[in-house]
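> Provided herewith is a single structure, encoded as structure tokens, for subsequent inquiry.
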Amino acid sequence: MTAPETHIYDANGQSPKKCAMVNGNPALCIDEAEVSRGGSGTGALYVRDNKLYQMVPEAVTGLRVDTVMTRL
Amino acid sequence: MKRFITVCIAMTLAACGGGGAGNGGTGAAAAVTPKRLEAYLGTWQSNCSDNGVRQTLVITRASENNVSTMYRTDYHMGGLCGGTPYATVTPAVAATLTNTSTETLNVILTPDSAATAVTVDRITVDAPRPS
């Protein structure tokens, strides 16, 4: 995170969040544990006409498009 | 994982949750060749979301059989993605994608459209815990 940062804790002092500050207010907070946990998983990709489709497992149809990105 | 890739591709650390059953498929899974990964190499960018969030994904070759992905999420004020973002988030480490198989499936690529039979590349995503 490149903006000014602060750390915010919940009521019991757990789950610290790193927040970008805008005009003195936390504007964007990221759960540091979530960012740093790492892990693995599965998915599917499809590319056509300079579009990248990211698909994730879905119970009914098997896959659904999660994100579409355009090649720069 | 949350989104690796928004990208799983949070790639959001989130595009990665358990294995899909793959029903709706029109063909059996097939072994892949490393060549297929080349189609994904490059820099990719999402559209600007309504709340001014845009993701950029860079995919580079890591080895013959997998690619490395690094994404950046930019947050902009006012719901528009112009100018300098007020915050940028990048993961501490790159995720590795491995193509495990290909499969022809009926997929709805855009909202409100009919499903299309496409050959997708099944992948596994590994994002190491930063040291």
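By order of appearance in the structure tokens: chains A, B, ..., then residues from 1 within every chain, and ligands from 1 in the order shown.
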Env of segment 52-63 of chain B: 10 Å cut, atoms = only C-alpha atoms, seq-sep filter 4 positions within chain, self excluded. Answer as an NGL selection string.

(:A and (67 or 69-72)) or (:B and (4-7 or 9-12 or 34 or 37-38 or 40-48 or 67-82 or 85 or 87-90 or 94-98))

> Would you save the residues of that selection, restricted to C-alpha atoms, as a JSON list (two decimals), in the first residue's frame?


[["chain", "number", "residue", "atom", "x", "y", "z"],
["A", 67, "THR", "CA", -13.18, -11.48, -13.80],
["A", 69, "MET", "CA", -9.37, -8.43, -18.15],
["A", 70, "THR", "CA", -8.12, -6.80, -21.33],
["A", 71, "ARG", "CA", -4.61, -7.18, -22.66],
["A", 72, "LEU", "CA", -2.65, -3.93, -22.55],
["B", 4, "PHE", "CA", -5.16, -13.79, -6.17],
["B", 5, "ILE", "CA", -6.22, -13.28, -9.18],
["B", 6, "THR", "CA", -9.21, -10.80, -8.46],
["B", 7, "VAL", "CA", -7.65, -11.98, -9.34],
["B", 9, "ILE", "CA", -6.10, -13.90, -10.92],
["B", 10, "ALA", "CA", -6.71, -12.53, -7.53],
["B", 11, "MET", "CA", -5.90, -13.34, -9.53],
["B", 12, "THR", "CA", -7.26, -12.44, -6.88],
["B", 34, "PRO", "CA", 3.20, -26.04, -21.93],
["B", 37, "LEU", "CA", 0.35, -21.10, -21.23],
["B", 38, "GLU", "CA", 1.89, -18.72, -23.73],
["B", 40, "TYR", "CA", -1.73, -15.81, -21.11],
["B", 41, "LEU", "CA", 1.65, -14.11, -20.97],
["B", 42, "GLY", "CA", 1.51, -10.34, -20.81],
["B", 43, "THR", "CA", -0.13, -7.52, -18.91],
["B", 44, "TRP", "CA", -3.88, -7.51, -18.35],
["B", 45, "GLN", "CA", -6.17, -4.93, -16.84],
["B", 46, "SER", "CA", -9.72, -5.03, -15.56],
["B", 47, "ASN", "CA", -12.32, -2.39, -16.23],
["B", 48, "CYS", "CA", -12.74, 0.31, -13.63],
["B", 67, "VAL", "CA", 3.60, -19.12, -15.13],
["B", 68, "SER", "CA", 4.06, -16.52, -12.45],
["B", 69, "THR", "CA", 1.45, -13.88, -11.75],
["B", 70, "MET", "CA", 1.69, -10.59, -9.93],
["B", 71, "TYR", "CA", -1.27, -8.31, -9.62],
["B", 72, "ARG", "CA", -1.78, -4.76, -8.46],
["B", 73, "THR", "CA", -5.00, -3.22, -7.25],
["B", 74, "ASP", "CA", -5.37, 0.55, -7.59],
["B", 75, "TYR", "CA", -7.99, 2.45, -5.62],
["B", 76, "HIS", "CA", -9.19, 5.79, -6.94],
["B", 77, "MET", "CA", -11.38, 8.44, -5.40],
["B", 78, "GLY", "CA", -14.76, 9.30, -6.88],
["B", 79, "GLY", "CA", -15.39, 6.07, -8.71],
["B", 80, "LEU", "CA", -13.21, 6.99, -11.68],
["B", 81, "CYS", "CA", -9.88, 5.38, -12.46],
["B", 82, "GLY", "CA", -8.09, 8.41, -13.84],
["B", 85, "PRO", "CA", -4.64, 6.22, -7.14],
["B", 87, "ALA", "CA", -3.89, 3.54, -2.57],
["B", 88, "THR", "CA", -2.22, 0.63, -4.30],
["B", 89, "VAL", "CA", -2.10, -2.89, -2.99],
["B", 90, "THR", "CA", 0.25, -5.55, -4.24],
["B", 94, "ALA", "CA", 3.96, -13.82, -6.77],
["B", 95, "ALA", "CA", 1.51, -16.65, -7.26],
["B", 96, "THR", "CA", 2.30, -19.56, -9.54],
["B", 97, "LEU", "CA", -0.25, -20.97, -11.96],
["B", 98, "THR", "CA", 0.01, -24.48, -13.28]]

> Would you please extract all strand (DSSP E or B) residues from segment 78-122 of chain B, as assigned by DSSP on the backbone, and give them as number ranges by chain?

B: 87-89, 95-107, 116-122

> When you draw a straight line from atom CA of Thr100 of chain B to atom CA of Val118 of chain B, how long is it in Å?

16.4 Å

> Pick from B:Arg36, B:Thr104, B:Ala127, B:Ser113: nearest to chain A, with only C-alpha atoms counted?

B:Ala127

> For segment 44-47 of chain A, work out the shell of residues within 10 Å, counting only C-alpha atoms and skipping chain neighbours fewer than 2 positions away, then give it as a ChimeraX atom specification.

/A:42,49-57,63-71 /B:8-9,15-16,19-20,37,39-40,99-103,109,118-125

> Would you output that residue set with C-alpha atoms, as a short mmCIF file (atom, residue, chain, number, x, y, z; two decimals), in the first residue's frame?


data_model
loop_
_atom_site.label_atom_id
_atom_site.label_comp_id
_atom_site.auth_asym_id
_atom_site.auth_seq_id
_atom_site.Cartn_x
_atom_site.Cartn_y
_atom_site.Cartn_z
CA THR A 42 -8.08 -24.09 -8.39
CA ASP A 49 -9.75 -11.71 -28.62
CA ASN A 50 -7.32 -10.17 -26.13
CA LYS A 51 -9.70 -10.82 -23.27
CA LEU A 52 -8.69 -12.96 -20.33
CA TYR A 53 -11.56 -14.67 -18.55
CA GLN A 54 -10.94 -15.89 -15.04
CA MET A 55 -13.40 -18.50 -13.94
CA VAL A 56 -14.07 -19.97 -10.57
CA PRO A 57 -15.87 -23.16 -9.59
CA LEU A 63 -17.80 -22.66 -13.75
CA ARG A 64 -18.70 -19.01 -13.79
CA VAL A 65 -16.76 -16.04 -15.08
CA ASP A 66 -15.32 -14.13 -12.14
CA THR A 67 -13.18 -11.48 -13.80
CA VAL A 68 -12.58 -10.26 -17.33
CA MET A 69 -9.37 -8.43 -18.15
CA THR A 70 -8.12 -6.80 -21.33
CA ARG A 71 -4.61 -7.18 -22.66
CA CYS B 8 -7.23 -15.36 -8.35
CA ILE B 9 -6.10 -13.90 -10.92
CA ALA B 15 -10.59 -16.89 -7.53
CA CYS B 16 -9.37 -20.01 -5.98
CA GLY B 19 -12.25 -27.80 -7.42
CA GLY B 20 -15.16 -27.33 -9.77
CA LEU B 37 0.35 -21.10 -21.23
CA ALA B 39 -1.52 -17.32 -24.58
CA TYR B 40 -1.73 -15.81 -21.11
CA ASN B 99 -2.16 -25.66 -16.10
CA THR B 100 -3.49 -29.07 -15.17
CA SER B 101 -5.86 -29.89 -18.03
CA THR B 102 -8.08 -28.46 -20.69
CA GLU B 103 -11.78 -29.00 -20.89
CA LEU B 109 -18.85 -15.33 -20.78
CA VAL B 118 -15.20 -22.91 -24.94
CA THR B 119 -12.04 -24.80 -24.13
CA VAL B 120 -10.84 -23.59 -20.78
CA ASP B 121 -7.55 -24.26 -19.10
CA ARG B 122 -7.94 -25.72 -15.67
CA ILE B 123 -5.32 -24.32 -13.33
CA THR B 124 -4.00 -24.66 -9.86
CA VAL B 125 -2.78 -21.58 -8.05
#

> What separation in Å, quoted to one decimal, exists between atom CA of Gly39 of chain A and atom CA of Pro128 of chain B?

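About the pair atom CA of Gly39 of chain A and atom CA of Pro128 of chain B: they are 6.2 Å apart.
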
> Please, what distance in Å, to one decimal, runs between atom CA of Gly41 of chain A and atom CA of Asn66 of chain B?

14.6 Å
